[in-house]
$ cat run.csv   # CSV, C-alpha atoms
chain,number,residue,atom,x,y,z
A,1,MET,CA,-59.5,-10.7,50.8
A,2,PRO,CA,-59.7,-12.1,54.4
A,3,PHE,CA,-60.5,-9.9,57.3
A,4,LEU,CA,-58.8,-9.8,60.6
A,5,GLY,CA,-61.4,-12.0,62.2
A,6,GLN,CA,-61.3,-14.7,59.5
A,7,ASP,CA,-59.4,-18.0,59.6
A,8,TRP,CA,-56.7,-17.7,57.0
A,9,ARG,CA,-55.5,-21.1,55.8
A,10,SER,CA,-53.1,-21.7,53.0
A,11,PRO,CA,-51.4,-25.0,52.0
A,12,GLY,CA,-49.3,-26.1,54.9
A,13,GLN,CA,-50.0,-23.0,57.0
A,14,SER,CA,-52.5,-22.1,59.7
A,15,TRP,CA,-53.0,-18.6,61.1
A,16,VAL,CA,-54.8,-17.4,64.2
A,17,LYS,CA,-57.6,-14.9,63.9
A,18,THR,CA,-55.6,-12.1,65.4
A,19,ALA,CA,-53.9,-9.0,64.4
A,20,ASP,CA,-50.5,-10.5,65.5
A,21,GLY,CA,-51.0,-13.4,63.2
A,22,TRP,CA,-51.8,-11.1,60.3
A,23,LYS,CA,-48.8,-9.0,61.0
A,24,ARG,CA,-46.5,-12.1,61.1
A,25,PHE,CA,-48.0,-13.2,57.9
A,26,LEU,CA,-47.2,-9.9,56.1
A,27,ASP,CA,-43.7,-9.8,57.5
A,28,GLU,CA,-42.9,-13.3,56.2
A,29,LYS,CA,-44.5,-12.6,52.8
A,30,SER,CA,-42.7,-9.3,52.4
A,31,GLY,CA,-39.3,-10.9,53.3
A,32,SER,CA,-39.9,-13.7,50.8
A,33,PHE,CA,-40.9,-11.2,48.2
A,34,VAL,CA,-37.8,-9.1,48.7
A,35,SER,CA,-35.6,-12.2,48.6
A,36,ASP,CA,-37.3,-13.4,45.4
A,37,LEU,CA,-37.0,-9.9,43.8
A,38,SER,CA,-33.3,-9.7,44.7
A,39,SER,CA,-32.7,-13.1,43.2
A,40,TYR,CA,-34.6,-12.2,40.1
A,41,CYS,CA,-32.7,-8.9,39.7
A,42,ASN,CA,-29.3,-10.6,40.1
A,43,LYS,CA,-30.3,-13.2,37.5
A,44,GLU,CA,-31.6,-10.5,35.2
A,45,VAL,CA,-28.3,-8.5,35.5
A,46,TYR,CA,-26.3,-11.7,34.9
A,47,ASN,CA,-28.4,-12.5,31.8
A,48,LYS,CA,-28.0,-8.9,30.5
A,49,GLU,CA,-24.2,-9.1,31.0
A,50,ASN,CA,-24.1,-12.4,29.2
A,51,LEU,CA,-26.2,-11.0,26.4
A,52,PHE,CA,-24.1,-7.8,26.2
A,53,ASN,CA,-20.9,-9.8,26.0
A,54,SER,CA,-22.4,-12.1,23.4
A,55,LEU,CA,-23.5,-9.2,21.3
A,56,ASN,CA,-20.1,-7.6,21.6
A,57,TYR,CA,-18.5,-10.8,20.4
A,58,ASP,CA,-20.9,-11.1,17.5
A,59,VAL,CA,-20.4,-7.5,16.5
A,60,ALA,CA,-16.6,-7.9,16.7
A,61,ALA,CA,-16.7,-11.1,14.6
A,62,LYS,CA,-19.0,-9.5,12.0
A,63,LYS,CA,-16.8,-6.4,11.9
A,64,ARG,CA,-13.7,-8.5,11.3
A,65,LYS,CA,-15.4,-10.4,8.5
A,66,LYS,CA,-16.6,-7.1,7.0
A,67,ASP,CA,-13.1,-5.6,7.2
A,68,ILE,CA,-11.6,-8.6,5.4
A,69,LEU,CA,-14.4,-8.6,2.8
A,70,ASN,CA,-13.8,-4.9,2.2
A,71,SER,CA,-10.1,-5.4,1.9
A,72,LYS,CA,-10.6,-8.2,-0.6
A,73,THR,CA,-13.0,-6.1,-2.7
A,74,LYS,CA,-11.5,-5.6,-6.2
A,75,THR,CA,-13.8,-2.8,-7.1
A,76,GLN,CA,-12.0,-0.1,-9.0
A,77,TYR,CA,-13.3,3.4,-9.3
A,78,PHE,CA,-13.2,4.2,-13.0
A,79,HIS,CA,-13.9,7.6,-14.4
A,80,GLN,CA,-14.9,8.6,-17.9
A,81,GLU,CA,-12.2,11.2,-18.2
A,82,LYS,CA,-8.6,9.9,-17.8
A,83,TRP,CA,-7.3,13.3,-16.8
A,84,ILE,CA,-7.7,15.6,-13.8
A,85,TYR,CA,-7.6,19.4,-13.3
A,86,VAL,CA,-5.0,20.2,-10.7
A,87,HIS,CA,-6.0,23.3,-8.7
A,88,LYS,CA,-4.7,24.4,-5.3
A,89,GLY,CA,-7.3,26.9,-4.2
A,90,SER,CA,-10.8,28.1,-4.7
A,91,THR,CA,-11.8,30.2,-7.7
A,92,LYS,CA,-15.2,31.5,-9.0
A,93,GLU,CA,-15.5,28.4,-11.2
A,94,ARG,CA,-14.0,25.8,-8.8
A,95,HIS,CA,-14.1,25.3,-5.0
A,96,GLY,CA,-11.5,23.5,-2.9
A,97,TYR,CA,-8.4,21.8,-4.2
A,98,CYS,CA,-7.2,18.5,-5.8
A,99,THR,CA,-5.7,15.9,-3.5
A,100,LEU,CA,-3.2,13.2,-4.2
A,101,GLY,CA,-5.8,10.5,-3.5
A,102,GLU,CA,-8.2,12.1,-6.0
A,103,ALA,CA,-5.5,12.1,-8.7
A,104,PHE,CA,-4.5,8.6,-7.8
A,105,ASN,CA,-8.1,7.4,-8.3
A,106,ARG,CA,-8.7,9.3,-11.6
A,107,LEU,CA,-5.5,8.6,-13.6
A,108,ASP,CA,-6.1,4.9,-14.5
A,109,PHE,CA,-3.0,3.3,-13.0
A,110,SER,CA,-4.5,-0.1,-13.4
A,111,THR,CA,-4.3,0.1,-17.1
A,112,ALA,CA,-0.9,1.8,-17.0
A,113,ILE,CA,0.9,-1.1,-15.4
A,114,LEU,CA,0.0,-3.3,-18.4
A,115,ASP,CA,2.0,-0.9,-20.6
A,116,SER,CA,5.8,-1.8,-20.4
A,117,ARG,CA,6.7,1.9,-21.0
A,118,ARG,CA,4.7,3.0,-17.9
A,119,PHE,CA,5.3,0.0,-15.6
A,120,ASN,CA,8.5,1.2,-13.9
A,121,TYR,CA,7.0,4.7,-13.6
A,122,VAL,CA,3.9,3.4,-11.7
A,123,VAL,CA,6.1,1.1,-9.5
A,124,ARG,CA,8.3,4.0,-8.5
A,125,LEU,CA,5.2,6.1,-7.8
A,126,LEU,CA,3.8,3.4,-5.6
A,127,GLU,CA,7.1,3.2,-3.7
A,128,LEU,CA,7.2,6.9,-3.0
A,129,ILE,CA,3.6,6.8,-1.8
A,130,ALA,CA,4.4,3.8,0.4
A,131,LYS,CA,7.4,5.6,2.0
A,132,SER,CA,5.7,8.9,3.1
A,133,GLN,CA,2.3,9.6,1.5
A,134,LEU,CA,0.1,6.6,2.4
A,135,THR,CA,-1.6,8.5,5.2
A,136,SER,CA,-2.6,11.3,2.8
A,137,LEU,CA,-4.7,9.0,0.7
A,138,SER,CA,-8.4,8.7,1.3
A,139,GLY,CA,-9.9,5.3,2.2
A,140,ILE,CA,-11.0,4.7,-1.4
A,141,ALA,CA,-7.5,5.7,-2.7
A,142,GLN,CA,-5.9,3.3,-0.1
A,143,LYS,CA,-8.0,0.5,-1.4
A,144,ASN,CA,-7.2,1.3,-5.0
A,145,PHE,CA,-3.5,1.4,-4.0
A,146,MET,CA,-3.7,-2.1,-2.6
A,147,ASN,CA,-5.7,-3.4,-5.6
A,148,ILE,CA,-3.2,-1.9,-8.1
A,149,LEU,CA,-0.3,-3.3,-6.1
A,150,GLU,CA,-1.9,-6.8,-6.3
A,151,LYS,CA,-2.2,-6.5,-10.1
A,152,VAL,CA,1.5,-5.5,-10.2
A,153,VAL,CA,2.5,-8.6,-8.1
A,154,LEU,CA,0.3,-10.9,-10.2
A,155,LYS,CA,1.9,-9.5,-13.4
A,156,VAL,CA,5.4,-10.1,-12.1
A,157,LEU,CA,4.5,-13.6,-10.9
A,158,GLU,CA,3.2,-14.4,-14.4
A,159,ASP,CA,5.9,-13.0,-16.6
A,160,GLN,CA,8.8,-13.4,-14.1
A,161,GLN,CA,10.2,-9.9,-14.8
A,162,ASN,CA,11.1,-7.0,-12.5
A,163,ILE,CA,11.2,-9.4,-9.5
A,164,ARG,CA,13.8,-7.4,-7.5
A,165,LEU,CA,12.0,-4.1,-8.2
A,166,ILE,CA,8.7,-5.5,-6.7
A,167,ARG,CA,10.5,-7.1,-3.8
A,168,GLU,CA,11.9,-3.7,-2.8
A,169,LEU,CA,8.5,-2.1,-3.2
A,170,LEU,CA,6.8,-4.7,-0.9
A,171,GLN,CA,9.6,-4.4,1.7
A,172,THR,CA,9.2,-0.6,1.7
A,173,LEU,CA,5.5,-0.8,2.1
A,174,TYR,CA,5.7,-3.4,4.9
A,175,THR,CA,8.2,-1.3,6.8
A,176,SER,CA,6.0,1.8,6.6
A,177,LEU,CA,2.9,-0.1,7.7
A,178,CYS,CA,4.8,-1.6,10.7
A,179,THR,CA,5.4,1.9,11.8
A,180,LEU,CA,2.0,3.3,11.0
A,181,VAL,CA,0.0,0.4,12.6
A,182,GLN,CA,1.7,1.1,15.9
A,183,ARG,CA,0.2,4.6,15.8
A,184,VAL,CA,-3.2,3.5,14.5
A,185,GLY,CA,-4.8,5.0,17.6
A,186,LYS,CA,-3.7,8.4,16.5
A,187,SER,CA,-5.8,8.3,13.3
A,188,VAL,CA,-2.9,8.0,10.9
A,189,LEU,CA,-4.5,5.3,8.9
A,190,VAL,CA,-8.1,5.0,7.5
A,191,GLY,CA,-9.9,1.9,8.8
A,192,ASN,CA,-9.4,-0.2,11.8
A,193,ILE,CA,-6.4,-2.4,12.9
A,194,ASN,CA,-8.0,-5.7,11.6
A,195,MET,CA,-8.0,-4.5,8.0
A,196,TRP,CA,-4.4,-3.3,8.1
A,197,VAL,CA,-3.1,-6.5,9.8
A,198,TYR,CA,-4.8,-8.5,7.1
A,199,ARG,CA,-3.1,-6.3,4.4
A,200,MET,CA,0.3,-6.8,6.1
A,201,GLU,CA,-0.3,-10.6,6.1
A,202,THR,CA,-1.1,-10.3,2.4
A,203,ILE,CA,2.1,-8.5,1.7
A,204,LEU,CA,4.1,-11.2,3.5
A,205,HIS,CA,2.4,-13.8,1.4
A,206,TRP,CA,3.3,-11.9,-1.8
A,207,GLN,CA,6.9,-11.7,-0.7
A,208,GLN,CA,7.0,-15.5,-0.1
A,209,GLN,CA,5.5,-16.1,-3.6
A,210,LEU,CA,8.2,-13.9,-5.2
A,211,ASN,CA,10.9,-15.7,-3.2
A,212,ASN,CA,9.7,-19.0,-4.4
A,213,ILE,CA,9.8,-18.1,-8.1
A,214,GLN,CA,11.9,-20.6,-10.1
A,215,ILE,CA,12.9,-19.0,-13.4
A,216,THR,CA,12.9,-21.8,-16.0
A,217,ARG,CA,15.3,-21.7,-19.0
A,218,PRO,CA,13.2,-21.3,-22.2
A,219,ALA,CA,13.3,-24.3,-24.5
A,220,PHE,CA,14.9,-22.2,-27.3
A,221,LYS,CA,17.7,-23.8,-29.3
A,222,GLY,CA,18.4,-20.8,-31.5
A,223,LEU,CA,20.9,-18.0,-31.1
A,224,THR,CA,21.5,-16.9,-27.5
A,225,PHE,CA,23.1,-13.8,-26.0
A,226,THR,CA,26.5,-15.4,-25.5
A,227,ASP,CA,26.5,-16.4,-29.2
A,228,LEU,CA,26.6,-12.8,-30.2
A,229,PRO,CA,29.9,-11.0,-31.0
A,230,LEU,CA,31.6,-9.5,-28.0
A,231,CYS,CA,31.1,-5.9,-29.3
A,232,LEU,CA,27.3,-6.5,-29.5
A,233,GLN,CA,27.2,-8.0,-26.1
A,234,LEU,CA,29.0,-5.0,-24.7
A,235,ASN,CA,26.7,-2.7,-26.6
A,236,ILE,CA,23.6,-4.4,-25.0
A,237,MET,CA,25.2,-4.3,-21.5
A,238,GLN,CA,25.8,-0.5,-21.9
A,239,ARG,CA,22.0,0.0,-22.2
A,240,LEU,CA,21.5,-1.4,-18.7
A,241,SER,CA,20.9,1.5,-16.3
A,242,ASP,CA,21.2,-0.4,-13.0
A,243,GLY,CA,24.6,-1.7,-11.8
A,244,ARG,CA,22.9,-4.6,-10.0
A,245,ASP,CA,21.7,-5.9,-13.3
A,246,LEU,CA,25.2,-5.9,-14.6
A,247,VAL,CA,26.4,-7.9,-11.6
A,248,SER,CA,23.5,-10.4,-12.0
A,249,LEU,CA,24.3,-10.8,-15.7
A,250,GLY,CA,28.0,-11.4,-14.9
A,251,GLN,CA,27.0,-14.3,-12.7
A,252,VAL,CA,25.3,-16.2,-15.6
A,253,ALA,CA,28.5,-17.4,-17.3
A,254,PRO,CA,32.3,-16.9,-16.9
A,255,ASP,CA,32.6,-15.0,-20.2
A,256,LEU,CA,29.8,-12.6,-19.2
A,257,HIS,CA,31.6,-12.0,-15.8
A,258,VAL,CA,34.7,-10.8,-17.7
A,259,LEU,CA,32.6,-8.4,-19.7
A,260,SER,CA,30.6,-7.2,-16.7
A,261,GLU,CA,33.9,-6.1,-15.1
A,262,ASP,CA,34.8,-3.8,-18.0
A,263,ARG,CA,36.0,-0.4,-16.6
A,264,LEU,CA,34.6,1.6,-19.5
A,265,LEU,CA,31.2,0.0,-18.9
A,266,TRP,CA,31.1,1.2,-15.2
A,267,LYS,CA,32.6,4.6,-16.1
A,268,LYS,CA,29.7,5.3,-18.6
A,269,LEU,CA,27.2,4.1,-15.9
A,270,CYS,CA,28.6,6.6,-13.4
A,271,GLN,CA,28.6,9.4,-15.9
A,272,TYR,CA,25.1,8.6,-16.9
A,273,HIS,CA,23.7,8.8,-13.3
A,274,PHE,CA,25.9,11.4,-11.6
A,275,SER,CA,27.5,14.8,-12.3
A,276,GLU,CA,31.2,15.4,-12.6
A,277,ARG,CA,31.2,17.2,-9.3
A,278,GLN,CA,29.6,14.3,-7.5
A,279,ILE,CA,32.0,11.9,-9.1
A,280,ARG,CA,35.1,13.9,-8.1
A,281,LYS,CA,33.9,13.8,-4.4
A,282,ARG,CA,33.8,10.0,-4.4
A,283,LEU,CA,37.0,9.0,-6.2
A,284,ILE,CA,38.3,5.5,-5.4
A,285,LEU,CA,41.6,4.1,-6.7
A,286,SER,CA,42.2,0.4,-7.4
A,287,ASP,CA,45.4,-1.5,-6.4
A,288,LYS,CA,46.8,-0.7,-9.8
A,289,GLY,CA,46.4,3.1,-9.2
A,290,GLN,CA,43.4,3.4,-11.6
A,291,LEU,CA,40.0,4.7,-10.9
A,292,ASP,CA,37.8,1.8,-9.7
A,293,TRP,CA,34.5,2.8,-11.4
A,294,LYS,CA,32.6,-0.2,-10.2
A,295,LYS,CA,33.3,0.6,-6.5
A,296,MET,CA,32.7,4.3,-7.2
A,297,TYR,CA,29.2,3.5,-8.7
A,298,PHE,CA,28.0,1.6,-5.6
A,299,LYS,CA,29.4,4.3,-3.3
A,300,LEU,CA,27.7,7.1,-5.3
A,301,ILE,CA,24.3,5.4,-5.3
A,302,ARG,CA,24.4,5.4,-1.5
A,303,CYS,CA,25.1,9.2,-1.4
A,304,TYR,CA,23.1,10.5,-4.4
A,305,PRO,CA,19.9,9.6,-6.1
A,306,ARG,CA,20.2,7.9,-9.5
A,307,LYS,CA,19.0,9.4,-12.7
A,308,GLU,CA,15.5,8.2,-13.5
A,309,GLN,CA,14.4,7.5,-17.0
A,310,TYR,CA,11.0,6.2,-18.1
A,311,GLY,CA,9.5,5.3,-21.5
A,312,ASP,CA,6.3,7.2,-20.7
A,313,THR,CA,5.3,9.6,-17.9
A,314,LEU,CA,2.5,11.7,-16.6
A,315,GLN,CA,2.4,15.2,-18.1
A,316,LEU,CA,1.1,18.5,-16.8
A,317,CYS,CA,-0.3,21.1,-19.2
A,318,LYS,CA,0.9,24.5,-18.2
A,319,HIS,CA,-1.9,26.2,-20.1
A,320,CYS,CA,-4.9,24.5,-18.5
A,321,HIS,CA,-3.3,22.8,-15.5
A,322,ILE,CA,-4.6,19.4,-16.5
A,323,LEU,CA,-2.7,16.2,-15.5
A,324,SER,CA,-2.8,13.2,-17.8
A,325,TRP,CA,-0.8,10.5,-19.4
A,326,LYS,CA,1.1,11.3,-22.6
A,327,GLY,CA,-1.2,11.0,-25.6
A,328,THR,CA,-4.4,11.4,-23.6
A,329,ASP,CA,-6.8,13.9,-25.1
A,330,HIS,CA,-7.9,16.6,-22.7
A,331,PRO,CA,-9.9,19.8,-23.2
A,332,CYS,CA,-7.1,22.3,-23.8
A,333,THR,CA,-7.7,25.7,-25.4
A,334,ALA,CA,-4.0,26.3,-26.4
A,335,ASN,CA,-3.2,26.5,-30.1
A,336,ASN,CA,-0.5,23.8,-29.7
A,337,PRO,CA,-1.3,21.7,-26.6
A,338,GLU,CA,1.8,19.4,-27.0
A,339,SER,CA,4.1,22.4,-26.5
A,340,CYS,CA,2.5,23.2,-23.2
A,341,SER,CA,2.9,19.7,-21.7
A,342,VAL,CA,5.7,19.2,-19.2
A,343,PRO,CA,6.7,15.6,-18.2
A,344,LEU,CA,6.6,14.9,-14.5
A,345,SER,CA,8.9,12.4,-12.7
A,346,PRO,CA,7.2,10.4,-9.9
A,347,GLN,CA,8.7,12.7,-7.3
A,348,ASP,CA,7.3,15.8,-9.2
A,349,PHE,CA,3.9,14.1,-9.2
A,350,ILE,CA,4.1,13.8,-5.4
A,351,ASN,CA,5.3,17.4,-5.0
A,352,LEU,CA,2.4,18.6,-7.1
A,353,PHE,CA,0.0,17.9,-4.2
A,354,LYS,CA,2.1,19.2,-1.3
A,355,PHE,CA,0.3,22.4,-0.1
$ encode --input "run.csv" --output "structure tokens"
Amino acid sequence: MPFLGQDWRSPGQSWVKTADGWKRFLDEKSGSFVSDLSSYCNKEVYNKENLFNSLNYDVAAKKRKKDILNSKTKTQYFHQEKWIYVHKGSTKERHGYCTLGEAFNRLDFSTAILDSRRFNYVVRLLELIAKSQLTSLSGIAQKNFMNILEKVVLKVLEDQQNIRLIRELLQTLYTSLCTLVQRVGKSVLVGNINMWVYRMETILHWQQQLNNIQITRPAFKGLTFTDLPLCLQLNIMQRLSDGRDLVSLGQVAPDLHVLSEDRLLWKKLCQYHFSERQIRKRLILSDKGQLDWKKMYFKLIRCYPRKEQYGDTLQLCKHCHILSWKGTDHPCTANNPESCSVPLSPQDFINLFKF
């Protein structure tokens, strides 16, 4: 290190051997150092900000990909037992309570939709959950809900049956999600917004696929429905429980349209779904002074729920409080387990988990 009396020379500089020269040298060096340090810090902050923004972008992109991947996952949660013990409180043997999501995961709805006797039951249950119970499901149960719904849609696209039923289900679900996604910041849905937007786009895609279905006439040259005697045609039409099906059938051919307007047909349909008291409150007379049963039916369904009938339902054992599909073996200690089983409608199933 040079002393005050030494001649300090650096490239392009010459300093006098005095204290003033040394002081001037230190001042210039310190100013240059401060300037360089400030420039370095600013550059470092800029680089850190760029790095932070880049990391945020990468994390967001990876999160979106992960959400979509999780949403696409078809993993089902199978359980060895196809029944579930329904308990609403803690006992010495059991703690906690059974939830709707837990029951939805355990009762094997994926297999149930392949059974024609259970298909309408499962669809109605999905519709009720979509209307008001979607937020009560856990994340796993919500994923199972979407996976089961996809299987339902694929089944309908393949066999071209129950198209209107699934259209109504998808519209109900989409309407509910539009409302819930707007409140996603209030923790009403499990998962982030990207996953639910992707699911809504999937629902729209399914709706488009259903709208594009072109039902082809089967290449069958044998006996058709219109070849049957009129009494048999009427007998078959009386077994239709939805008035909209009768209207659709009447649009196939002029002869069927005449049969679909039969007053006795609509009278039996009204009496099947509604009580005498309900019917008396909604009387409508035609121009001929007769009861217009067809108009009364469509007015009644806007005022009262229709009667639900299913080929197979879930059942609750009153003795052991086990919920299962009909015909499923469960560990019941009753002498006659079948006499203890009570069939549950889809709404009864939902009400079972309202605490």
$ residues_near_point --input "run.csv" --point "(11.4, -19.0, -10.2)" --cutoff "12 Å" --atoms "all atoms listed in the file" --output "PyMOL selection string"
chain A and resi 156-161+163+208-217
$ closest_residue --input "run.csv" --among "A:Lys307, A:Arg117, A:His205, A:His87" --to "A:Lys354" --atoms "only C-alpha atoms"
A:His87
$ closest_residue --input "run.csv" --among "A:Ile203, A:Val153, A:Cys178, A:Ile350" --to "A:Leu125" --atoms "only C-alpha atoms"
A:Ile350
$ atom_distance --input "run.csv" --atom1 "atom CA of A:Arg239" --atom2 "atom CA of A:Lys326"
23.8 Å
$ residues_around --input "run.csv" --residues "A:Asn120" --least-positions-apart "6" --cutoff "12 Å" --atoms "all atoms listed in the file" --output "JSON, numbers by chain"
{"A": [109, 112, 113, 114, 126, 127, 152, 156, 161, 162, 163, 164, 165, 166, 169, 308, 309, 310, 311, 312, 313, 345, 346]}
$ atom_distance --input "run.csv" --atom1 "atom CA of A:Arg302" --atom2 "atom CA of A:Leu177"
24.0 Å
$ atom_distance --input "run.csv" --atom1 "atom CA of A:Val122" --atom2 "atom CA of A:Leu344"
12.1 Å
$ residues_around --input "run.csv" --residues "A:Phe353" --least-positions-apart "4" --cutoff "9 Å" --atoms "only C-alpha atoms" --output "MDAnalysis selection string"
chainID A and resid 86 88 98:100 349
$ build_atoms --input "run.csv" --residues "stretch 273-301 of chain A" --atoms "N, CA and C atoms" --output "PDB file, in the frame of the given file"
ATOM      1  N   HIS A 273      24.514   8.557 -14.483  1.00  0.00           N
ATOM      2  CA  HIS A 273      23.700   8.800 -13.300  1.00  0.00           C
ATOM      3  C   HIS A 273      24.124  10.056 -12.516  1.00  0.00           C
ATOM      4  N   PHE A 274      25.413  10.385 -12.543  1.00  0.00           N
ATOM      5  CA  PHE A 274      25.900  11.400 -11.600  1.00  0.00           C
ATOM      6  C   PHE A 274      26.704  12.479 -12.342  1.00  0.00           C
ATOM      7  N   SER A 275      26.746  13.641 -11.720  1.00  0.00           N
ATOM      8  CA  SER A 275      27.500  14.800 -12.300  1.00  0.00           C
ATOM      9  C   SER A 275      28.968  14.634 -12.049  1.00  0.00           C
ATOM     10  N   GLU A 276      29.744  15.427 -12.776  1.00  0.00           N
ATOM     11  CA  GLU A 276      31.200  15.400 -12.600  1.00  0.00           C
ATOM     12  C   GLU A 276      31.590  15.802 -11.191  1.00  0.00           C
ATOM     13  N   ARG A 277      30.870  16.769 -10.634  1.00  0.00           N
ATOM     14  CA  ARG A 277      31.200  17.200  -9.300  1.00  0.00           C
ATOM     15  C   ARG A 277      30.938  16.094  -8.268  1.00  0.00           C
ATOM     16  N   GLN A 278      29.855  15.373  -8.423  1.00  0.00           N
ATOM     17  CA  GLN A 278      29.600  14.300  -7.500  1.00  0.00           C
ATOM     18  C   GLN A 278      30.614  13.168  -7.645  1.00  0.00           C
ATOM     19  N   ILE A 279      31.037  12.900  -8.884  1.00  0.00           N
ATOM     20  CA  ILE A 279      32.000  11.900  -9.100  1.00  0.00           C
ATOM     21  C   ILE A 279      33.374  12.242  -8.479  1.00  0.00           C
ATOM     22  N   ARG A 280      33.775  13.502  -8.615  1.00  0.00           N
ATOM     23  CA  ARG A 280      35.100  13.900  -8.100  1.00  0.00           C
ATOM     24  C   ARG A 280      35.108  13.825  -6.549  1.00  0.00           C
ATOM     25  N   LYS A 281      33.955  13.916  -5.902  1.00  0.00           N
ATOM     26  CA  LYS A 281      33.900  13.800  -4.400  1.00  0.00           C
ATOM     27  C   LYS A 281      34.021  12.379  -3.944  1.00  0.00           C
ATOM     28  N   ARG A 282      33.861  11.414  -4.838  1.00  0.00           N
ATOM     29  CA  ARG A 282      33.800  10.000  -4.400  1.00  0.00           C
ATOM     30  C   ARG A 282      34.835   9.181  -5.245  1.00  0.00           C
ATOM     31  N   LEU A 283      36.025   9.688  -5.450  1.00  0.00           N
ATOM     32  CA  LEU A 283      37.000   9.000  -6.200  1.00  0.00           C
ATOM     33  C   LEU A 283      37.615   7.818  -5.402  1.00  0.00           C
ATOM     34  N   ILE A 284      37.760   6.663  -6.052  1.00  0.00           N
ATOM     35  CA  ILE A 284      38.300   5.500  -5.400  1.00  0.00           C
ATOM     36  C   ILE A 284      39.363   4.880  -6.376  1.00  0.00           C
ATOM     37  N   LEU A 285      40.553   4.655  -5.879  1.00  0.00           N
ATOM     38  CA  LEU A 285      41.600   4.100  -6.700  1.00  0.00           C
ATOM     39  C   LEU A 285      41.733   2.592  -6.427  1.00  0.00           C
ATOM     40  N   SER A 286      42.023   1.838  -7.503  1.00  0.00           N
ATOM     41  CA  SER A 286      42.200   0.400  -7.400  1.00  0.00           C
ATOM     42  C   SER A 286      43.690   0.137  -6.956  1.00  0.00           C
ATOM     43  N   ASP A 287      44.019  -1.132  -6.782  1.00  0.00           N
ATOM     44  CA  ASP A 287      45.400  -1.500  -6.400  1.00  0.00           C
ATOM     45  C   ASP A 287      46.399  -1.128  -7.490  1.00  0.00           C
ATOM     46  N   LYS A 288      45.924  -1.025  -8.723  1.00  0.00           N
ATOM     47  CA  LYS A 288      46.800  -0.700  -9.800  1.00  0.00           C
ATOM     48  C   LYS A 288      46.935   0.837 -10.007  1.00  0.00           C
ATOM     49  N   GLY A 289      46.306   1.604  -9.136  1.00  0.00           N
ATOM     50  CA  GLY A 289      46.400   3.100  -9.200  1.00  0.00           C
ATOM     51  C   GLY A 289      45.406   3.661 -10.201  1.00  0.00           C
ATOM     52  N   GLN A 290      44.452   2.871 -10.696  1.00  0.00           N
ATOM     53  CA  GLN A 290      43.400   3.400 -11.600  1.00  0.00           C
ATOM     54  C   GLN A 290      42.121   3.605 -10.869  1.00  0.00           C
ATOM     55  N   LEU A 291      41.279   4.413 -11.470  1.00  0.00           N
ATOM     56  CA  LEU A 291      40.000   4.700 -10.900  1.00  0.00           C
ATOM     57  C   LEU A 291      39.127   3.380 -10.911  1.00  0.00           C
ATOM     58  N   ASP A 292      38.617   2.998  -9.769  1.00  0.00           N
ATOM     59  CA  ASP A 292      37.800   1.800  -9.700  1.00  0.00           C
ATOM     60  C   ASP A 292      36.310   2.252  -9.867  1.00  0.00           C
ATOM     61  N   TRP A 293      35.859   2.270 -11.110  1.00  0.00           N
ATOM     62  CA  TRP A 293      34.500   2.800 -11.400  1.00  0.00           C
ATOM     63  C   TRP A 293      33.398   1.983 -10.840  1.00  0.00           C
ATOM     64  N   LYS A 294      33.628   0.702 -10.729  1.00  0.00           N
ATOM     65  CA  LYS A 294      32.600  -0.200 -10.200  1.00  0.00           C
ATOM     66  C   LYS A 294      32.335   0.171  -8.697  1.00  0.00           C
ATOM     67  N   LYS A 295      33.395   0.257  -7.914  1.00  0.00           N
ATOM     68  CA  LYS A 295      33.300   0.600  -6.500  1.00  0.00           C
ATOM     69  C   LYS A 295      32.722   2.032  -6.344  1.00  0.00           C
ATOM     70  N   MET A 296      33.147   2.921  -7.240  1.00  0.00           N
ATOM     71  CA  MET A 296      32.700   4.300  -7.200  1.00  0.00           C
ATOM     72  C   MET A 296      31.164   4.357  -7.431  1.00  0.00           C
ATOM     73  N   TYR A 297      30.671   3.532  -8.358  1.00  0.00           N
ATOM     74  CA  TYR A 297      29.200   3.500  -8.700  1.00  0.00           C
ATOM     75  C   TYR A 297      28.421   3.163  -7.426  1.00  0.00           C
ATOM     76  N   PHE A 298      28.795   2.082  -6.761  1.00  0.00           N
ATOM     77  CA  PHE A 298      28.000   1.600  -5.600  1.00  0.00           C
ATOM     78  C   PHE A 298      28.160   2.578  -4.419  1.00  0.00           C
ATOM     79  N   LYS A 299      29.253   3.295  -4.354  1.00  0.00           N
ATOM     80  CA  LYS A 299      29.400   4.300  -3.300  1.00  0.00           C
ATOM     81  C   LYS A 299      28.543   5.539  -3.642  1.00  0.00           C
ATOM     82  N   LEU A 300      28.490   5.892  -4.917  1.00  0.00           N
ATOM     83  CA  LEU A 300      27.700   7.100  -5.300  1.00  0.00           C
ATOM     84  C   LEU A 300      26.213   6.858  -5.134  1.00  0.00           C
ATOM     85  N   ILE A 301      25.715   5.644  -5.409  1.00  0.00           N
ATOM     86  CA  ILE A 301      24.300   5.400  -5.300  1.00  0.00           C
ATOM     87  C   ILE A 301      23.836   5.462  -3.808  1.00  0.00           C
TER      88      ILE A 301
END
